[in-house]
Amino acid sequence: MLDRPTAIETPEVPEDSFQALFRTLMTMEVPDGYRAEIIGGNIVMSPWSKGYYLRVMRSLRTQLEPHVPTGALVDSSPYLFTFPDQERAFGPDVFVASEKAFDTHERYIDGESLTLVAELTSASTRDVDWSDKLAVYAAAGVAVYLLLDMREQTVSVFSDPAPEGYRRRTTCPFGKAAHVPPPFDFELGTTAFGKPSEKQR
């Protein structure tokens, strides 16, 4: 498979049957090295991230941890968050969500439990991260969306969500601190977000 998102053919389901689509995803055999999400009423598989993304995600988690609101947790484990009204199910790279949302036997988590999401773009996900996910997270009321554009080496901080989109955005290059607004309210260091040198590849 190429380094791009791939839509999967699925059985015909009623337009309002998001749960049926999700059950299809849950019973699929996803190839090693790929993850499956529901985007725009379709199941889409994308390759997993490059190795150095782990360093970036770990830095994000470490810096976020002291600022996480009471009753919430920060993680980068592979969980799917569902947005049934928008026919979406995303597996964010890093997230902050209500701890109570995980008190379930289900294999998916309510997207409304999210307070912050961070996505690291790749060749296969960049368009979706900048368009579909940006709109869905805003409409769902996710307070902060951190979009790390790994191609452009920038971090964009979106906040003040509304149904029509985020009302505020700031962007800075990797290497400069980015302010993460309330309920976190801290300066995010980005010096660890850059690509490794050619010699380290």
# chains A, B, ... in the order shown; residues from 1 in each chain; ligands from 1

call {"tool": "select_by_dssp", "arguments": {"residues": "region 94-167 of chain A", "states": "strand (DSSP E)", "output": "MDAnalysis selection string"}}
result
chainID A and resid 94:98 108:110 114:120 144:149 154:159

call {"tool": "residues_around", "arguments": {"residues": "Ala139 (chain A)", "least_positions_apart": "3", "cutoff": "8 Å", "atoms": "only C-alpha atoms", "output": "ChimeraX atom specification"}}
result
/A:135-136,142,161-165

call {"tool": "residues_around", "arguments": {"residues": "Ser113 (chain A)", "least_positions_apart": "6", "cutoff": "9 Å", "atoms": "only C-alpha atoms", "output": "ChimeraX atom specification"}}
result
/A:72,81,96-101,142

call {"tool": "residues_around", "arguments": {"residues": "Ser159 (chain A)", "least_positions_apart": "5", "cutoff": "9 Å", "atoms": "only C-alpha atoms", "output": "list in words"}}
result
Ala138, Val142, Ala143, Val144, Tyr145, Leu146, Tyr166, Arg167, Arg168, Arg169, Thr170, Val180, Pro181 and Pro182 of chain A

call {"tool": "residues_around", "arguments": {"residues": "Val68 (chain A)", "least_positions_apart": "2", "cutoff": "10 Å", "atoms": "only C-alpha atoms", "output": "MDAnalysis selection string"}}
result
chainID A and resid 61 63:66 70:74 96:97 115:116 183:185

call {"tool": "atom_distance", "arguments": {"atom1": "CA of Pro173 (chain A)", "atom2": "CA of Tyr137 (chain A)"}}
result
22.7 Å

call {"tool": "residues_around", "arguments": {"residues": "region 86-90 of chain A", "least_positions_apart": "3", "cutoff": "10 Å", "atoms": "only C-alpha atoms", "output": "PyMOL selection string"}}
result
chain A and resi 15-19+21-22+25+35-43+78-83+93+108-111+132-133+135-137+139-140

call {"tool": "write_last_selection", "arguments": {"atoms": "N, CA and C atoms", "output": "mmCIF file, in the first residue's frame"}}
result
data_model
loop_
_atom_site.group_PDB
_atom_site.id
_atom_site.type_symbol
_atom_site.label_atom_id
_atom_site.label_comp_id
_atom_site.auth_asym_id
_atom_site.auth_seq_id
_atom_site.Cartn_x
_atom_site.Cartn_y
_atom_site.Cartn_z
ATOM 1 N N GLU A 15 -27.998 5.600 5.857
ATOM 2 C CA GLU A 15 -27.256 6.830 6.071
ATOM 3 C C GLU A 15 -27.098 7.161 7.547
ATOM 4 N N ASP A 16 -28.102 6.796 8.363
ATOM 5 C CA ASP A 16 -28.034 7.141 9.777
ATOM 6 C C ASP A 16 -27.425 6.027 10.616
ATOM 7 N N SER A 17 -26.832 5.021 9.960
ATOM 8 C CA SER A 17 -26.343 3.860 10.696
ATOM 9 C C SER A 17 -24.838 3.945 10.937
ATOM 10 N N PHE A 18 -24.434 4.958 11.690
ATOM 11 C CA PHE A 18 -23.017 5.106 12.026
ATOM 12 C C PHE A 18 -22.519 3.906 12.821
ATOM 13 N N GLN A 19 -23.343 3.405 13.735
ATOM 14 C CA GLN A 19 -22.924 2.274 14.561
ATOM 15 C C GLN A 19 -22.649 1.042 13.701
ATOM 16 N N LEU A 21 -21.546 1.062 10.617
ATOM 17 C CA LEU A 21 -20.251 1.314 9.988
ATOM 18 C C LEU A 21 -19.127 1.072 10.975
ATOM 19 N N PHE A 22 -19.351 1.502 12.210
ATOM 20 C CA PHE A 22 -18.318 1.323 13.220
ATOM 21 C C PHE A 22 -18.106 -0.155 13.531
ATOM 22 N N LEU A 25 -15.816 -1.579 11.050
ATOM 23 C CA LEU A 25 -14.428 -1.229 11.350
ATOM 24 C C LEU A 25 -13.868 -2.118 12.455
ATOM 25 N N ARG A 35 -3.511 2.149 10.562
ATOM 26 C CA ARG A 35 -4.605 2.402 11.489
ATOM 27 C C ARG A 35 -5.844 2.746 10.684
ATOM 28 N N ALA A 36 -7.008 2.461 11.252
ATOM 29 C CA ALA A 36 -8.264 2.709 10.558
ATOM 30 C C ALA A 36 -9.074 3.754 11.312
ATOM 31 N N GLU A 37 -9.661 4.681 10.568
ATOM 32 C CA GLU A 37 -10.517 5.721 11.117
ATOM 33 C C GLU A 37 -11.754 5.837 10.238
ATOM 34 N N ILE A 38 -12.780 6.498 10.755
ATOM 35 C CA ILE A 38 -13.972 6.772 9.956
ATOM 36 C C ILE A 38 -13.980 8.259 9.638
ATOM 37 N N ILE A 39 -13.935 8.572 8.355
ATOM 38 C CA ILE A 39 -13.857 9.957 7.894
ATOM 39 C C ILE A 39 -14.925 10.159 6.829
ATOM 40 N N GLY A 40 -15.864 11.043 7.115
ATOM 41 C CA GLY A 40 -16.904 11.346 6.138
ATOM 42 C C GLY A 40 -17.751 10.161 5.738
ATOM 43 N N GLY A 41 -18.053 9.270 6.687
ATOM 44 C CA GLY A 41 -18.887 8.128 6.384
ATOM 45 C C GLY A 41 -18.165 6.999 5.687
ATOM 46 N N ASN A 42 -16.833 7.058 5.619
ATOM 47 C CA ASN A 42 -16.021 6.000 5.011
ATOM 48 C C ASN A 42 -14.963 5.516 5.991
ATOM 49 N N ILE A 43 -14.616 4.241 5.893
ATOM 50 C CA ILE A 43 -13.497 3.711 6.666
ATOM 51 C C ILE A 43 -12.223 3.959 5.865
ATOM 52 N N PRO A 78 -3.505 4.162 21.358
ATOM 53 C CA PRO A 78 -4.370 4.102 20.165
ATOM 54 C C PRO A 78 -5.839 3.857 20.501
ATOM 55 N N TYR A 79 -6.565 4.932 20.818
ATOM 56 C CA TYR A 79 -7.996 4.849 21.068
ATOM 57 C C TYR A 79 -8.745 5.594 19.976
ATOM 58 N N LEU A 80 -9.919 5.071 19.637
ATOM 59 C CA LEU A 80 -10.791 5.747 18.694
ATOM 60 C C LEU A 80 -11.816 6.580 19.449
ATOM 61 N N PHE A 81 -11.955 7.839 19.048
ATOM 62 C CA PHE A 81 -12.964 8.724 19.608
ATOM 63 C C PHE A 81 -14.037 8.935 18.541
ATOM 64 N N THR A 82 -15.303 8.754 18.926
ATOM 65 C CA THR A 82 -16.371 8.803 17.946
ATOM 66 C C THR A 82 -17.128 10.128 17.978
ATOM 67 N N PHE A 83 -17.564 10.531 16.781
ATOM 68 C CA PHE A 83 -18.380 11.728 16.589
ATOM 69 C C PHE A 83 -19.545 11.315 15.689
ATOM 70 N N ASP A 93 -3.211 11.498 17.689
ATOM 71 C CA ASP A 93 -1.839 11.162 18.077
ATOM 72 C C ASP A 93 -1.631 11.383 19.571
ATOM 73 N N TYR A 108 -14.507 2.045 21.912
ATOM 74 C CA TYR A 108 -14.403 3.411 21.406
ATOM 75 C C TYR A 108 -14.850 4.371 22.498
ATOM 76 N N ILE A 109 -14.426 5.617 22.385
ATOM 77 C CA ILE A 109 -14.643 6.628 23.416
ATOM 78 C C ILE A 109 -15.433 7.788 22.815
ATOM 79 N N ASP A 110 -16.300 8.374 23.627
ATOM 80 C CA ASP A 110 -17.115 9.504 23.201
ATOM 81 C C ASP A 110 -16.227 10.711 22.897
ATOM 82 N N GLY A 111 -16.316 11.238 21.675
ATOM 83 C CA GLY A 111 -15.497 12.371 21.278
ATOM 84 C C GLY A 111 -15.760 13.628 22.096
ATOM 85 N N ASP A 132 -10.754 18.181 7.425
ATOM 86 C CA ASP A 132 -11.825 17.421 8.063
ATOM 87 C C ASP A 132 -11.708 17.402 9.581
ATOM 88 N N LYS A 133 -10.538 17.040 10.088
ATOM 89 C CA LYS A 133 -10.382 16.959 11.537
ATOM 90 C C LYS A 133 -10.486 18.336 12.188
ATOM 91 N N ALA A 135 -12.351 20.813 11.275
ATOM 92 C CA ALA A 135 -13.766 21.165 11.353
ATOM 93 C C ALA A 135 -14.511 20.327 12.382
ATOM 94 N N VAL A 136 -14.221 19.030 12.417
ATOM 95 C CA VAL A 136 -14.930 18.127 13.332
ATOM 96 C C VAL A 136 -14.601 18.451 14.785
ATOM 97 N N TYR A 137 -13.329 18.651 15.093
ATOM 98 C CA TYR A 137 -12.944 18.955 16.475
ATOM 99 C C TYR A 137 -13.573 20.265 16.940
ATOM 100 N N ALA A 139 -16.421 21.665 15.802
ATOM 101 C CA ALA A 139 -17.861 21.471 15.954
ATOM 102 C C ALA A 139 -18.188 20.651 17.196
ATOM 103 N N ALA A 140 -17.276 19.758 17.595
ATOM 104 C CA ALA A 140 -17.488 18.928 18.781
ATOM 105 C C ALA A 140 -17.146 19.661 20.072
#

call {"tool": "residues_around", "arguments": {"residues": "Arg55 (chain A)", "least_positions_apart": "4", "cutoff": "8 Å", "atoms": "only C-alpha atoms", "output": "VMD selection string"}}
result
chain A and resid 59 192 to 193

call {"tool": "decode", "arguments": {"residues": "region 173-185 of chain A", "atoms": "N, CA and C atoms", "output": "PDB file, in the first residue's frame"}}
result
ATOM      1  N   PRO A 173       6.969  28.603  14.231  1.00  0.00           N
ATOM      2  CA  PRO A 173       7.871  27.553  13.748  1.00  0.00           C
ATOM      3  C   PRO A 173       8.400  26.707  14.904  1.00  0.00           C
ATOM      4  N   PHE A 174       8.749  25.475  14.604  1.00  0.00           N
ATOM      5  CA  PHE A 174       9.397  24.640  15.600  1.00  0.00           C
ATOM      6  C   PHE A 174      10.665  25.362  16.080  1.00  0.00           C
ATOM      7  N   GLY A 175      10.898  25.313  17.371  1.00  0.00           N
ATOM      8  CA  GLY A 175      12.031  26.000  17.971  1.00  0.00           C
ATOM      9  C   GLY A 175      11.598  27.178  18.813  1.00  0.00           C
ATOM     10  N   LYS A 176      10.377  27.672  18.559  1.00  0.00           N
ATOM     11  CA  LYS A 176       9.827  28.766  19.357  1.00  0.00           C
ATOM     12  C   LYS A 176       8.674  28.244  20.208  1.00  0.00           C
ATOM     13  N   ALA A 177       8.487  28.855  21.367  1.00  0.00           N
ATOM     14  CA  ALA A 177       7.419  28.423  22.272  1.00  0.00           C
ATOM     15  C   ALA A 177       6.056  28.821  21.707  1.00  0.00           C
ATOM     16  N   ALA A 178       5.072  27.941  21.903  1.00  0.00           N
ATOM     17  CA  ALA A 178       3.701  28.202  21.473  1.00  0.00           C
ATOM     18  C   ALA A 178       2.805  28.228  22.707  1.00  0.00           C
ATOM     19  N   HIS A 179       2.008  29.277  22.837  1.00  0.00           N
ATOM     20  CA  HIS A 179       1.122  29.363  24.004  1.00  0.00           C
ATOM     21  C   HIS A 179      -0.091  28.461  23.810  1.00  0.00           C
ATOM     22  N   VAL A 180      -0.318  27.585  24.790  1.00  0.00           N
ATOM     23  CA  VAL A 180      -1.500  26.734  24.800  1.00  0.00           C
ATOM     24  C   VAL A 180      -2.506  27.391  25.744  1.00  0.00           C
ATOM     25  N   PRO A 181      -3.650  27.824  25.223  1.00  0.00           N
ATOM     26  CA  PRO A 181      -4.601  28.600  26.027  1.00  0.00           C
ATOM     27  C   PRO A 181      -5.326  27.763  27.077  1.00  0.00           C
ATOM     28  N   PRO A 182      -6.098  28.417  27.966  1.00  0.00           N
ATOM     29  CA  PRO A 182      -6.893  27.709  28.971  1.00  0.00           C
ATOM     30  C   PRO A 182      -7.798  26.663  28.297  1.00  0.00           C
ATOM     31  N   PRO A 183      -8.058  25.571  29.020  1.00  0.00           N
ATOM     32  CA  PRO A 183      -7.785  25.344  30.448  1.00  0.00           C
ATOM     33  C   PRO A 183      -6.370  24.878  30.774  1.00  0.00           C
ATOM     34  N   PHE A 184      -5.440  24.956  29.833  1.00  0.00           N
ATOM     35  CA  PHE A 184      -4.062  24.510  30.064  1.00  0.00           C
ATOM     36  C   PHE A 184      -3.164  25.689  30.430  1.00  0.00           C
ATOM     37  N   ASP A 185      -3.137  26.696  29.575  1.00  0.00           N
ATOM     38  CA  ASP A 185      -2.491  27.975  29.869  1.00  0.00           C
ATOM     39  C   ASP A 185      -1.009  27.836  30.225  1.00  0.00           C
TER      40      ASP A 185
END
